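First the structure, in the form of C-alpha cells, and then the observations on it.
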Amino acid sequence: MEKASINPFQLFALMVLFELGSAIVITIGIEAEQDAWISILLALAAGVAVFMVYSYLYKQFPGHSLIDFSQKIIGKYPGWVLGLLYMLYFLYIAMRVLRDFGDLLLTSTMPETPLFVINFFMVMTIIYVLYLGIEVLARTGEFFLLLLLLLGILANMLILFSGIIDVNNLLPVLGNGWKPVFQAAFPLVLNFPFGEIIVFTMLFPYLNQGSKIPKTGILALVFSGLLITITTSMNIAVLGMEIVSRTTFPLLTAVGKIRVADFLERLDAFVVVTLVIGMFFKIAIFTYASILGVTKLFNVNTHRKLVFPLGLILLLGSVAIAGNFSDHLEEGLDVVPYYLHMPFQIYIPFVLLLITIVRKKFSSGDIVGNNDAQSKTQRYQ
Amino acid sequence: MKKKKTRKTTSRFSLFNRSKNRSADFAEEMSTQIEQAIDSTDGIDSRVQKNIDRLKDIMGNSHDFIVREVIIRTEPFIQAAAMYIDGLADHTLISDFIIKAILEENHPTGDVEPAALLTTIKKQMLTIANVTMEDDWKTIVHSLLSGNTILFVDGIPKAFVGETAGGEWRSIEEPTSEITIRGAKDSFNESLLTNISLIRRRIKSPQVRIDLFQLGTLSRTDTVIFYIDGITDRRIVQEVEQRMKQIKADKITGSSYVEEWIQDQTLTVFPTVFNTERPDIVVNCLMEGRVAILVDGSPFALIVPTDFSQFFKAAEDYYQRFDLSTLIRVLRYFAFSVSLLGPSIYIALITFHQDLIPTTLVISLAAQREGIPFPAFIEALIMEVTFEVLREAGVRMPRAIGQAVSIVGALVIGQAAVQAGIVSAAMVIVVAGTAIASFTTPAYNLAVAARILRFAMMFLAATMGLYGILLGLIIMIAHLTSLKSFGSPYLSPFAPFYPKEHADGLFRFPQWLRRKSEGKTFSQTERG
Amino acid sequence: MPKQTVAVILTAAFLLSGCWNANELTDVYIISAVGIDKTEAAQYQLSFQIINAGEVAVGQEGSARNAATTVVYTSTGNTIFEAIRKMAMQLPRKIYFPHTSLILISEQFAKEDGIEKAMDWFERDAEFRTYVQVLIARGDTAESILKVQSPVERIAAKNIADQLETTESVWGEYHASGIDDIIRDLVNKGKEVTLSGVQLSGDQEEGQTMENIQDASPVARVRLSGLAIFKNGALARWLDGPEARGRNWITGDIESTVISLPCSHHQTEWIAIEVIRAKAKVQSKLEANNPAIDVVISLEGNIGEVNCPMDITISDNIFQLEKQLAKEIRKEVMNAITIAQDEKADIFGFGNVMQRQHPKYWKQAEAEWSDIFSSIDVNVDVRAYIRRTGMRTNSFFEEAKKHKSTE
C-alpha cells in the first residue's frame with residue numbers, strides 16, 4: 001500500500017474522467033435508438049444504487065479496499081482468491097479499454113500505424129505516471145478534467161452555433177415502447193460505464209475524508225452520466241440514428257460537421273484530445289487498481305516493482321485479446337457483460353452486502369471493531 | 001564501480017543527489033588542511049611582533065595584507081599593530097577611528113595591568129562603533145577577510161576586532177531583469193548588508209527573523225535566511241535550515257550555487273526555487289509565508305517554497321490595475337503554451353493531420369513546401385537550432401556586436417533562407433512566433449524549461465503526431481504534479497486545485513479582495 | 001531496474017517507429033473533387049480533380065507557371081477503392097481526400113446503378129468529411145464537368161460548391177446535400193433523396209484550356225440545373241425551376257428567395273418580393289388509419305422592387321399582395337407535390353413526420369409507404385406577411401402617374 005492521500009475533489013475528477021473515458025466517444029445505449037438518452041438515465045439511476053452498495057460496504061470497513069474487506073467478509077482464503085479474480089478482471093478490462101482506444105485512434109486518425117505501436121506508447125505513459133503513484137495520477141486528473149471540461153463546453157457551443165442540430169432526429173420519444181429502452185439499459189449501459197466504478201473500491205482508502213465517499217461518488221456519477229447523456233443525444237441529433245448506429249466513433253463524426261463562420265472547422269483535434277486523455281485515465285485507473293491488488297495479495301513491498309511487469313502484460317494482452325475489431329466488439333457485447341461485468345459488478349458485491357448485513361444482525365459485537373487493529377498493521381506492511 | 005554502487009542504494013527521488021556529496025568530500029579535505037595550519041599556531045601571544053608574524057604567515061604574505069604598526073607609548077614601550085585587507089576595509093574608518101584614536105588619546109601612564117590597559121583601550125580610546133575581543137585565530141582570520149581590522153596590543157593576549165568592513169560596492173541600481181513601469185526602482189546589489197537593509201526597510205516589524213549561515217569551506221560566504229515569525233510555517237523554516245546545513249561545498253559564489261544544493265529535485269527542467277532581484281517581490285513573498293535566502297555577493301534572492309504559477313507573476317502585475325494584470329497573466333500562460341507547443345503542433349499538423357487545416361491554408365502551405373528539400377521536422381529542427389544559436393550569440397556578444405548578430409540573423413533566417421527555398425515562409429513564421437512567445441515568460445529559468453521541452457515535443461510530434469504531443473503533455477503534467485518545492489506541491493493551485501488561491505494565481509484580484517497575507521501559510525499543503 | 005533498460009527500449013522504439021502515418025505535404029496531391037462515371041464495361045470510372053497548389057496559392061514568387069489550377073485524372077476499377085489505388089500508376093504522389101469538397105455523380109450512373117453504389121466508400125473512409133457535397137452531372141459525364149477551368153475562383157470544385165451554397169442562400173431552388181444527408185435518406189423509408197444537378201454549357205473542349213479562364217466571357221461554364229428526384233436510390237426525374245423550389249418550401253431548405261408578382265392581370269408589370277424568412281410546419285394526421293398531411297408555410301417578405309404604379313402605402317394593397325404571394329407559393333408547392341406523388345417518391349419527408357408522430361402506424365405502413373404517399377391528402381396553407389418596403393415607400397411610378405394626371 002502506497003502512503004498517499006487524495007482529496008474529495010481529486011477523487012471526483014478521477015471518477016468523472018474514468019466514466020467519460022470511453023463512454024463519451026463510443027456509442028452507448030444505441031440499441032434503444034432515439035431513446036438512448038432514456039436508457040442512459042435509467043442505467044445511471046441503477047448505477048447510483050449499485051454505487052451505494054459499494055460505499056456501504058466500505059463504510060462497514062473503513063480504510064479497507066475491496067480485497068481487504070472481501071477477506072474480512074468471506075474469510076481469508078476465499079477472500080484472497082476472490083481478490084485475485086477481481087485483479088484479473090480489472091487487468092482484463094484495462095486490456096479491453098486499451099484495445100478499444102488503439103482501434104479507435106487507428107481508424108480515425110492514423111490508419112497506417114500498427115496497433116502495437118499506438119498501445120506501446122500509451123502503456124509507457126501509463127507506466128511512468130503509475131510509477132509516480134496515485135497522488136500524481138489524481139492531481140494530473142484534476143488538471144486534465146478542468147481542461148476537458150473547457151474543451152467540451154467549447155465544442156458544445158460550436159455545435160450549437162453551427163446549426164447542425166436537428167431535434168427531429170431524437171423523435172419519436174419511446175416510439176418502440178419501453179422494452180428496447182430497458183434492454184439497452186440493462187445490463188449493457190449499467191455495466192459500461194456505470195458499473196465499472198467498482199474499481200474505485202480499491203482507491204477509497206486513499207481518500208483523506210472517508211466520510212465523503214458516497215457524496216463524491218454519486219456526484220461524480222450523476223455529473224458524468226448527464227454529460228454522457230447530453231453527448232449521446234447531441235450525436236444523434238446531429239447525425240441521425242441511421243448514421244450513429246453504424247458509426248464506431250460518432251463524436252468525431254459529429255464534431256467533424258462543425259463549420260462556424262468559414263474558419264472554425266475541422267475541429268477533430270478536440271475529439272482526439274478527449275479520446276486520448278479520457279482513455280488514458282480509464283486504463284490507468286484499472287491498471288493501478290490491479291497493481292495495487294497484486295501488491296497486497298502477494299505482499300510485495302512497493303507497487304513500483306509491479307508497474308513495469310503488469311504494464312507489459314497489459315500491452316501484450318491488449319494486442320492479443322482479439323483478432324480484429326469486429327471480434328473485439330462481439331466479445332464486448334455478448335460475452336463480457338454477462339460472464340464478467342454482471343458477476344463482478346453486481347452479483348458478488350450484493351452477496352458480500354448480504355453476508356455483511358446478516359452477520360451484523362446476528363453477531364453480538366460489531367465485526368469492524370474487532371479487526372481494526374489488525375487491519376491497520378496489514379495496511380502499512 | 002563505486003559510483004554505481006551508490007546509485008543502487010540511493011533512490012533517485014531522494015532529496016539530495018549523491019553527486020553533491022562527492023564534490024563535498026574534496027572541499028572538506030581542503031578546508032581541514034587549512035584549519036590545521038591555523039590551529040597549529042598556538043594561542044595569541046602577548047607580544048605584538050609575534051602575532052604579526054603569525055598572521056603574515058597564515059595570510060601567506062599577501063600583497064593586500066596591510067600591517068600598520070603604531071607605538072602607544074614609549075615608556076614602558078607598548079606597541080600596537082592594526083591589520084586589515086586593503087580594499088575590503090574602509091580606509092577612513094581605520095585612520096579616523098582606530099589609528100587616530102590610539103595616537104591622540106591620553107594614554108594611561110605608569111605601569112598598567114594588561115587587563116586595565118585592555119579596558120582603557122576598548123572603552124576610552126577606540127572610537128569605532130563596533131569592537132569585539134577575539135582570542136581564536138580562526139575567527140580572527142575570518143573577520144580579517146570580512147574587511148574588519150585586527151588590532152594587537154603588546155601585553156594583551158587578545159585581538160581587538162574593529163568593524164571596518166567597507167570598500168567599494170556597486171550602488172543600488174534599477175533592476176535589469178525585472179523591469180516595471182510603476183514599481184519600485186531599486187534592486188539588490190552584491191552586498192549582503194545592503195540587501196538586508198533593503199528588505200528590513202520595507203517590513204518594520206520585529207517579527208522578521210534573519211538567520212546567518214556561513215557556507216563554503218573555502219569561500220566562507222555569508223548567507224542569511226529571512227522569514228517572518230508567525231506567518232511562515234515552522235516546518236518550512238526547519239526544512240530550509242536543515243538543507244542549508246547539509247551544504248558541503250568549498251565555494252558559494254552566487255545564489256544559484258545554493259539553489260542547486262537545496263532544491264528538491266535535480267532531474268527536472270523546471271525550477272523549484274524562485275529567484276528575484278527585487279526587494280519588493282521578496283517582501284511580498286515573505287508576507288505570503290515563504291522563506292527568502294540571500295547570499296553575499298549575489299544580487300539575487302532565492303525564494304522557497306515556490307510553485308509553478310509564481311513564475312508567471314511579474315512584478316508589474318502588482319503595480320498595474322487588476323483587470324489588466326489578470327488579462328496579461330492569462331496571456332502569459334497562453335504564450336508559454338505556444339512557446340512550448342508551437343513548432344510541435346505545426347509539425348503534427350503538417351505531417352500527420354493535414355485534414356485538420358482549413359483548405360485554403362493547406363493549399364497555401366503545400367505551395368510553399370513545394371521544392372523544400374527537408375521534411376517538416378528536420379526543417380523545424382534546423383530553424384529552431386539556428387534560432388537558439390543566434391540567441392546565444394546575441395546574449396554572449398558585447399552589446400555593440402550583438403546588434404550585428406541580430407541583423408545577420410534576421411537576414412539569414414528571415415529573407416535568404418526562404419528565398420533560396422531551403423525553408424518555407426510558414427516555418428519562419430512559426431519559429432519567430434514561438435520565439436516571441438517565449439520572451440513573455442517573466443522568469444528566465446522557466447522560459448528555459450519550455451525551450452528544452454520544445455525539442456522533446458517536436459520529436460514526439462514527428463513520431464506520433466497529435467497523439468505524441470498529448471502523451472508528452474500527460475507525462476509533463478504528471479511530472480509537474482510529482483514535483484515538490486519544500487513540501488509544497490509544485491503545480492498548485494492548479495493541481496491540487498485551490499480555487500481561492502487563484503485570487504493571485506491565474507488571475508490577480510483587486511488588493512482588497514485578496515486574502516490577508518497572514519492567512520496564507522503552507523500548513524494546509526500535504527507534505528511527505 | 002533497469003532505468004537504463006527502459007530508456008534504451010524507449011529510444012529504440014522512437015527511432016524504429018518511423019513515421020507510418022507521416023505524409024509530407026510534398027508527398028500528396030490534394031483532391032478537390034471526385035467524379036463518378038460508368039465505363040462501357042460497367043466498371044467505375046473515377047475522375048479526380050487535383051489542386052495545383054503552386055498555381056492556386058498567390059504570393060509565391062517564381063512558382064507560378066501559368067499552368068492550369070486544377071488537373072483531372074481518371075482511373076477505372078470494379079470498386080471505387082480499387083480505382084483510387086490504381087491512380088498511383090498515373091501519378092507520382094498519393095492522392096489525398098480530406099479537402100475534397102465535391103462528389104459529382106454522372107446522371108447515367110445515378111439512373112442505372114443508383115447512388116447507393118457510390119456512397120459506401122465515401123462514408124466509410126475516415127478521410128472524408130460528412131458535409132462533402134454530392135451533385136449530379138446532368139446530361140454529361142462527371143469527368144467533363146470537372147475538367148472545366150473556372151475563371152475567377154481558382155479551384156473549379158470550390159466554384160461549383162460555392163455556387164450551390166450561394167444559390168441555396170439567395171435563390172432557394174437548390175439545396176446542398178452532404179454525404180450524411182444522403183445516407184440518412186437512403187436508409188429511411190420516410191424520405192427520398194434529392195440532389196442538385198450541374199450542367200455544362202458552351203464548348204467543352206475549349207473549357208478545358210487555359211483560354212477559358214483568360215476570356216472576358218468564358219466559353220464553357222458550369223451552371224446549376226435542376227433537382228434530381230431519386231426513388232430507391234435511382235434517379236427518377238428532374239425538377240426544374242419553381243418545381244424544385246416547391247419542394248424546398250416544405251423541407252425548409254429556403255433561406256431567402258425572390259418572387260415576382262404581376263401588378264395587374266396582364267403580366268407586363270411586376271413587383272418583386274424578397275422572402276427573408278420561411279418556415280414550414282408539417283403535421284401528420286391519422287383518422288381511421290387514413291393518413292393525411294397538413295403543411296403550414298409561414299413566411300415573411302419585403303418589397304424589393306416595384307415596376308408599376310401601385311400605392312404600397314395603402315395597407316389594403318399590401319394585404320392583396322400578401323394574398324397573391326401566398327397563392328403563388330401554394331401553386332409552386334402543390335405542383336411539386338403532384339409531381340412527387342406521380343413518381344411515388346416522398347421527397348418531402350412526410351414519412352419521417354409520420355414516423356415521429358405516429359410511430360405505431362408507421363411500423364405497419366413503412367413497407368408500402370411510397371404507395372400510400374402517392375395518394376395521401378396534403379393540405380397546404382401558406383401564410384405570407386410583407387413587412388417592409390425598402391428605402392422608399394411608393395415607387396416614383398406612382399408619383400409620375402399623379403403628376404401626369406394633374407397636368
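Letters for chains follow the order of the C-alpha cells (A, B, ...), residue numbers begin at 1 for each chain, and ligand numbers begin at 1 in the order shown.
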As an mmCIF file with N, CA and C atoms, in the first residue's frame, please: every residue in range 127-273 of chain A that DSSP puts in strand (DSSP E).
data_model
loop_
_atom_site.group_PDB
_atom_site.id
_atom_site.type_symbol
_atom_site.label_atom_id
_atom_site.label_comp_id
_atom_site.auth_asym_id
_atom_site.auth_seq_id
_atom_site.Cartn_x
_atom_site.Cartn_y
_atom_site.Cartn_z
ATOM 1 N N ARG A 259 -19.042 23.664 -38.651
ATOM 2 C CA ARG A 259 -18.469 24.705 -39.505
ATOM 3 C C ARG A 259 -19.074 26.011 -39.050
ATOM 4 N N VAL A 260 -18.259 26.826 -38.436
ATOM 5 C CA VAL A 260 -18.763 28.122 -37.984
ATOM 6 C C VAL A 260 -17.936 29.206 -38.657
ATOM 7 N N LEU A 264 -13.832 28.238 -38.444
ATOM 8 C CA LEU A 264 -13.832 27.279 -37.341
ATOM 9 C C LEU A 264 -14.379 25.964 -37.864
ATOM 10 N N GLU A 265 -13.529 25.194 -38.505
ATOM 11 C CA GLU A 265 -13.968 23.902 -38.972
ATOM 12 C C GLU A 265 -12.846 22.916 -38.760
#
| task | Kindly determine which residues of chain C lie within 7 Å of chain A, considering only C-alpha atoms, and give the answer as a PyMOL selection string. | result | chain C and resi 20-21+126+129-131+184+187+356-357+359
Hey, can you spit out that residue selection with N, CA and C atoms as a compact mmCIF listing (two decimals), in the first residue's frame?
# COMPACT_ATOMS: atom_id res chain seq x y z
N TRP C 20 4.79 5.98 -39.71
CA TRP C 20 3.89 5.28 -40.63
C TRP C 20 2.91 6.24 -41.27
N ASN C 21 2.42 7.12 -40.43
CA ASN C 21 1.34 7.93 -40.96
C ASN C 21 1.78 9.29 -41.44
N ALA C 126 -12.18 7.35 -43.48
CA ALA C 126 -12.04 8.40 -42.47
C ALA C 126 -11.62 9.73 -43.07
N ARG C 129 -15.06 14.23 -45.02
CA ARG C 129 -15.97 14.93 -44.13
C ARG C 129 -17.38 14.54 -44.53
N THR C 130 -18.29 14.50 -43.56
CA THR C 130 -19.64 14.12 -43.94
C THR C 130 -20.35 15.25 -44.68
N TYR C 131 -19.80 16.44 -44.57
CA TYR C 131 -20.53 17.52 -45.25
C TYR C 131 -20.07 17.74 -46.70
N ARG C 184 -28.74 9.17 -44.65
CA ARG C 184 -29.96 9.18 -43.83
C ARG C 184 -31.19 8.92 -44.69
N VAL C 187 -31.41 5.32 -46.01
CA VAL C 187 -31.79 4.32 -45.02
C VAL C 187 -33.26 4.47 -44.65
N ARG C 356 -42.39 10.04 -36.67
CA ARG C 356 -42.22 10.75 -35.42
C ARG C 356 -43.52 10.88 -34.66
N GLN C 357 -44.61 11.13 -35.46
CA GLN C 357 -45.84 11.47 -34.76
C GLN C 357 -46.77 10.28 -34.56
N PRO C 359 -45.73 6.65 -34.50
CA PRO C 359 -44.77 5.54 -34.67
C PRO C 359 -45.45 4.18 -34.85
Closest pair table for chain B residues within 9 Å of chain C, only C-alpha atoms, as a Markdown table:
| residue | atom | partner | partner_atom | distance |
| --- | --- | --- | --- | --- |
| B:Ala348 | CA | C:Ala22 | CA | 8.7 |
| B:Ile350 | CA | C:Leu25 | CA | 6.8 |
| B:Thr351 | CA | C:Glu24 | CA | 5.0 |
| B:Phe352 | CA | C:Ala22 | CA | 5.0 |
| B:His353 | CA | C:Asn23 | CA | 8.5 |
| B:Gln354 | CA | C:Leu25 | CA | 7.7 |
| B:Asp355 | CA | C:Pro98 | CA | 5.1 |
| B:Leu356 | CA | C:Pro98 | CA | 8.4 |
| B:Ile357 | CA | C:His99 | CA | 9.0 |
| B:Pro358 | CA | C:His99 | CA | 8.1 |
| B:Thr359 | CA | C:His99 | CA | 5.9 |
| B:Thr360 | CA | C:Ala57 | CA | 8.3 |
| B:Leu361 | CA | C:Ala57 | CA | 8.9 |
| B:Val362 | CA | C:Leu25 | CA | 8.6 |
| B:Ile363 | CA | C:Ala53 | CA | 5.3 |
| B:Ser364 | CA | C:Ala57 | CA | 5.0 |
| B:Leu365 | CA | C:Leu25 | CA | 8.0 |
| B:Ala366 | CA | C:Leu25 | CA | 5.6 |
| B:Ala367 | CA | C:Gly54 | CA | 4.5 |
| B:Gln368 | CA | C:Gln60 | CA | 7.1 |
| B:Arg369 | CA | C:Thr26 | CA | 6.5 |
| B:Glu370 | CA | C:Thr26 | CA | 5.9 |
| B:Gly371 | CA | C:Thr26 | CA | 7.9 |
| B:Ile372 | CA | C:Thr26 | CA | 8.4 |
| B:Pro375 | CA | C:Glu24 | CA | 6.7 |
| B:Ala376 | CA | C:Glu24 | CA | 7.3 |
| B:Gln419 | CA | C:Glu61 | CA | 8.6 |
| B:Phe459 | CA | C:Phe14 | CA | 8.9 |
| B:Leu460 | CA | C:Phe14 | CA | 8.3 |
| B:Ala462 | CA | C:Cys19 | CA | 7.4 |
| B:Thr463 | CA | C:Cys19 | CA | 5.5 |
| B:Met464 | CA | C:Cys19 | CA | 7.1 |
| B:Gly465 | CA | C:Ala22 | CA | 8.0 |
How about saving the chosen residues, C-alpha atoms kept, as a tab-separated table (two decimals), in the first residue's frame?
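selection_16.tsv, freshly written:
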chain	number	residue	atom	x	y	z
B	348	ALA	CA	2.00	17.38	-36.28
B	350	ILE	CA	1.66	19.38	-41.48
B	351	THR	CA	2.96	15.81	-41.43
B	352	PHE	CA	0.08	13.89	-39.86
B	353	HIS	CA	-3.10	15.89	-39.81
B	354	GLN	CA	-3.29	17.94	-42.95
B	355	ASP	CA	-7.01	17.23	-42.82
B	356	LEU	CA	-7.33	19.49	-39.79
B	357	ILE	CA	-6.02	22.56	-41.61
B	358	PRO	CA	-8.57	24.68	-43.46
B	359	THR	CA	-8.44	24.03	-47.20
B	360	THR	CA	-7.25	27.45	-48.29
B	361	LEU	CA	-4.43	27.35	-45.79
B	362	VAL	CA	-3.38	23.84	-46.69
B	363	ILE	CA	-3.13	24.80	-50.34
B	364	SER	CA	-1.01	27.77	-49.47
B	365	LEU	CA	1.22	25.62	-47.27
B	366	ALA	CA	1.50	22.96	-49.94
B	367	ALA	CA	2.57	25.59	-52.43
B	368	GLN	CA	5.21	26.90	-50.02
B	369	ARG	CA	6.57	23.49	-49.29
B	370	GLU	CA	6.86	22.59	-52.97
B	371	GLY	CA	10.60	22.34	-53.53
B	372	ILE	CA	11.66	22.46	-49.89
B	375	PRO	CA	10.76	17.05	-44.13
B	376	ALA	CA	8.91	19.43	-41.85
B	419	GLN	CA	14.14	32.94	-50.94
B	459	PHE	CA	10.38	14.90	-31.60
B	460	LEU	CA	7.17	13.38	-30.26
B	462	ALA	CA	7.31	13.99	-35.64
B	463	THR	CA	6.93	10.40	-34.47
B	464	MET	CA	3.31	10.21	-33.41
B	465	GLY	CA	1.63	13.46	-34.41
| query | Skipping near chain neighbours, those fewer than 5 positions away, what residues fall within 12 Å of Ile153 in chain A using only C-alpha atoms, listed as a ChimeraX atom specification? | reply | /A:146-148,158-160,227,230-231,270
| query | Mind listing as a ChimeraX atom specification which residues of chain A are within 9 Å of chain B, counting only C-alpha atoms? | reply | /A:4-5,7,9-10,105,109-110,118,121-122,125-126,128-129,132-133,135-144,262-269,272-273,276-277,280
How about saving the chosen residues, C-alpha atoms kept, as a JSON list (two decimals), in the first residue's frame?
[["chain", "number", "residue", "atom", "x", "y", "z"],
["A", 4, "ALA", "CA", -0.59, 8.77, -0.11],
["A", 5, "SER", "CA", -3.78, 10.69, 0.19],
["A", 7, "ASN", "CA", -8.85, 14.81, -1.55],
["A", 9, "PHE", "CA", -12.21, 16.78, -5.50],
["A", 10, "GLN", "CA", -9.41, 14.65, -6.87],
["A", 105, "LEU", "CA", -7.28, 6.05, -32.79],
["A", 109, "THR", "CA", -6.56, 9.48, -37.37],
["A", 110, "MET", "CA", -3.60, 7.24, -38.07],
["A", 118, "ILE", "CA", -0.05, 3.02, -30.51],
["A", 121, "PHE", "CA", 3.32, 4.49, -26.20],
["A", 122, "MET", "CA", 0.12, 4.64, -24.21],
["A", 125, "THR", "CA", 2.96, 6.83, -20.42],
["A", 126, "ILE", "CA", 0.77, 4.90, -18.00],
["A", 128, "TYR", "CA", 5.53, 6.41, -15.94],
["A", 129, "VAL", "CA", 2.56, 8.02, -14.24],
["A", 132, "LEU", "CA", 4.97, 8.17, -9.63],
["A", 133, "GLY", "CA", 1.95, 6.99, -7.69],
["A", 135, "GLU", "CA", -1.22, 11.19, -5.82],
["A", 136, "VAL", "CA", 0.32, 12.20, -9.10],
["A", 137, "LEU", "CA", -2.38, 10.40, -11.05],
["A", 138, "ALA", "CA", -5.05, 12.16, -9.02],
["A", 139, "ARG", "CA", -3.54, 15.60, -9.44],
["A", 140, "THR", "CA", -2.97, 15.04, -13.12],
["A", 141, "GLY", "CA", -6.60, 14.01, -13.31],
["A", 142, "GLU", "CA", -7.66, 17.21, -11.65],
["A", 143, "PHE", "CA", -5.70, 19.25, -14.15],
["A", 144, "PHE", "CA", -6.99, 17.44, -17.19],
["A", 262, "ASP", "CA", -15.99, 29.51, -42.51],
["A", 263, "PHE", "CA", -12.84, 29.22, -40.44],
["A", 264, "LEU", "CA", -13.83, 27.28, -37.34],
["A", 265, "GLU", "CA", -13.97, 23.90, -38.97],
["A", 266, "ARG", "CA", -12.10, 20.62, -38.88],
["A", 267, "LEU", "CA", -12.04, 20.53, -35.11],
["A", 268, "ASP", "CA", -11.40, 16.79, -34.86],
["A", 269, "ALA", "CA", -8.42, 17.57, -32.68],
["A", 272, "VAL", "CA", -8.78, 13.21, -30.29],
["A", 273, "VAL", "CA", -7.72, 15.11, -27.17],
["A", 276, "VAL", "CA", -6.58, 10.18, -25.53],
["A", 277, "ILE", "CA", -6.99, 11.86, -22.16],
["A", 280, "PHE", "CA", -5.54, 7.31, -20.50]]
| Which residues, written as number ranges by chain, have at least one atom at most 10 Å from range 67-75 of chain C, with only C-alpha atoms counted and residues fewer than 3 positions away on the same chain left out? | C: 31-37, 44-57, 64, 80, 82-91, 143-144, 146-151, 153-157, 208-210, 213
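Between CA of Gly342 in chain B and CA of Ala425 in chain B the interatomic distance comes to 15.2 Å.
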| Of the residues B:Arg220, B:Lys100, B:Arg243, B:Arg170, which is the one nearest to Ala82 in chain B, using only C-alpha atoms? | B:Lys100
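Distance check against Ser171 in chain B using only C-alpha atoms: of B:Pro114, B:Gly216, B:Pro76, B:Pro299, the minimum falls on B:Pro299.
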| said: Quick check for you: according to DSSP on this backbone, which residues of range 28-113 of chain A are classed as alpha helix (DSSP H)? Reply as a VMD selection string. | reply: chain A and resid 36 to 60 66 to 74 76 to 108
| said: Please list as an MDAnalysis selection string every residue within 12 Å of range 434-437 of chain B, counting only C-alpha atoms and excluding residues in the same chain fewer than 3 positions away. | reply: chainID B and resid 331:346 380 383:388 390:391 427:431 440:442 447:448 450:451 454
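Distance-wise, CA of Ile337 in chain C and CA of Asp185 in chain C end up 17.9 Å apart.
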At a cut-off of 12 Å, can you tabulate as a Markdown table every residue of range 193-298 of chain A near range 314-326 of chain A together with its closest atom pair and the distance in Å to one decimal, using only C-alpha atoms and ordering rows by chain then number?
| residue | atom | partner | partner_atom | distance |
| --- | --- | --- | --- | --- |
| A:Thr248 | CA | A:Phe325 | CA | 10.2 |
| A:Ile283 | CA | A:Leu314 | CA | 9.5 |
| A:Ala284 | CA | A:Leu314 | CA | 10.5 |
| A:Phe286 | CA | A:Leu314 | CA | 10.4 |
| A:Thr287 | CA | A:Leu314 | CA | 8.0 |
| A:Tyr288 | CA | A:Leu314 | CA | 11.3 |
| A:Ser290 | CA | A:Leu314 | CA | 10.6 |
| A:Ile291 | CA | A:Leu314 | CA | 11.0 |
Deliver the residues from the most recent selection as a file, using N, CA and C atoms, as a PDB file, in the first residue's frame.
ATOM      1  N   THR A 248     -18.421   3.888 -35.580  1.00  0.00           N
ATOM      2  CA  THR A 248     -17.601   3.446 -34.470  1.00  0.00           C
ATOM      3  C   THR A 248     -17.234   4.606 -33.553  1.00  0.00           C
ATOM      4  N   ILE A 283      -7.718   3.556 -18.474  1.00  0.00           N
ATOM      5  CA  ILE A 283      -6.787   2.425 -18.453  1.00  0.00           C
ATOM      6  C   ILE A 283      -5.902   2.511 -17.215  1.00  0.00           C
ATOM      7  N   ALA A 284      -5.427   3.730 -16.935  1.00  0.00           N
ATOM      8  CA  ALA A 284      -4.504   3.892 -15.811  1.00  0.00           C
ATOM      9  C   ALA A 284      -5.169   3.486 -14.501  1.00  0.00           C
ATOM     10  N   PHE A 286      -7.787   1.403 -13.998  1.00  0.00           N
ATOM     11  CA  PHE A 286      -7.935  -0.055 -13.959  1.00  0.00           C
ATOM     12  C   PHE A 286      -6.599  -0.724 -13.641  1.00  0.00           C
ATOM     13  N   THR A 287      -5.566  -0.294 -14.358  1.00  0.00           N
ATOM     14  CA  THR A 287      -4.264  -0.920 -14.157  1.00  0.00           C
ATOM     15  C   THR A 287      -3.771  -0.686 -12.740  1.00  0.00           C
ATOM     16  N   TYR A 288      -3.956   0.548 -12.258  1.00  0.00           N
ATOM     17  CA  TYR A 288      -3.468   0.855 -10.918  1.00  0.00           C
ATOM     18  C   TYR A 288      -4.168  -0.009  -9.887  1.00  0.00           C
ATOM     19  N   SER A 290      -5.426  -2.877 -10.295  1.00  0.00           N
ATOM     20  CA  SER A 290      -4.922  -4.234 -10.413  1.00  0.00           C
ATOM     21  C   SER A 290      -3.543  -4.362  -9.769  1.00  0.00           C
ATOM     22  N   ILE A 291      -2.681  -3.404 -10.051  1.00  0.00           N
ATOM     23  CA  ILE A 291      -1.332  -3.422  -9.471  1.00  0.00           C
ATOM     24  C   ILE A 291      -1.407  -3.391  -7.944  1.00  0.00           C
TER      25      ILE A 291
END
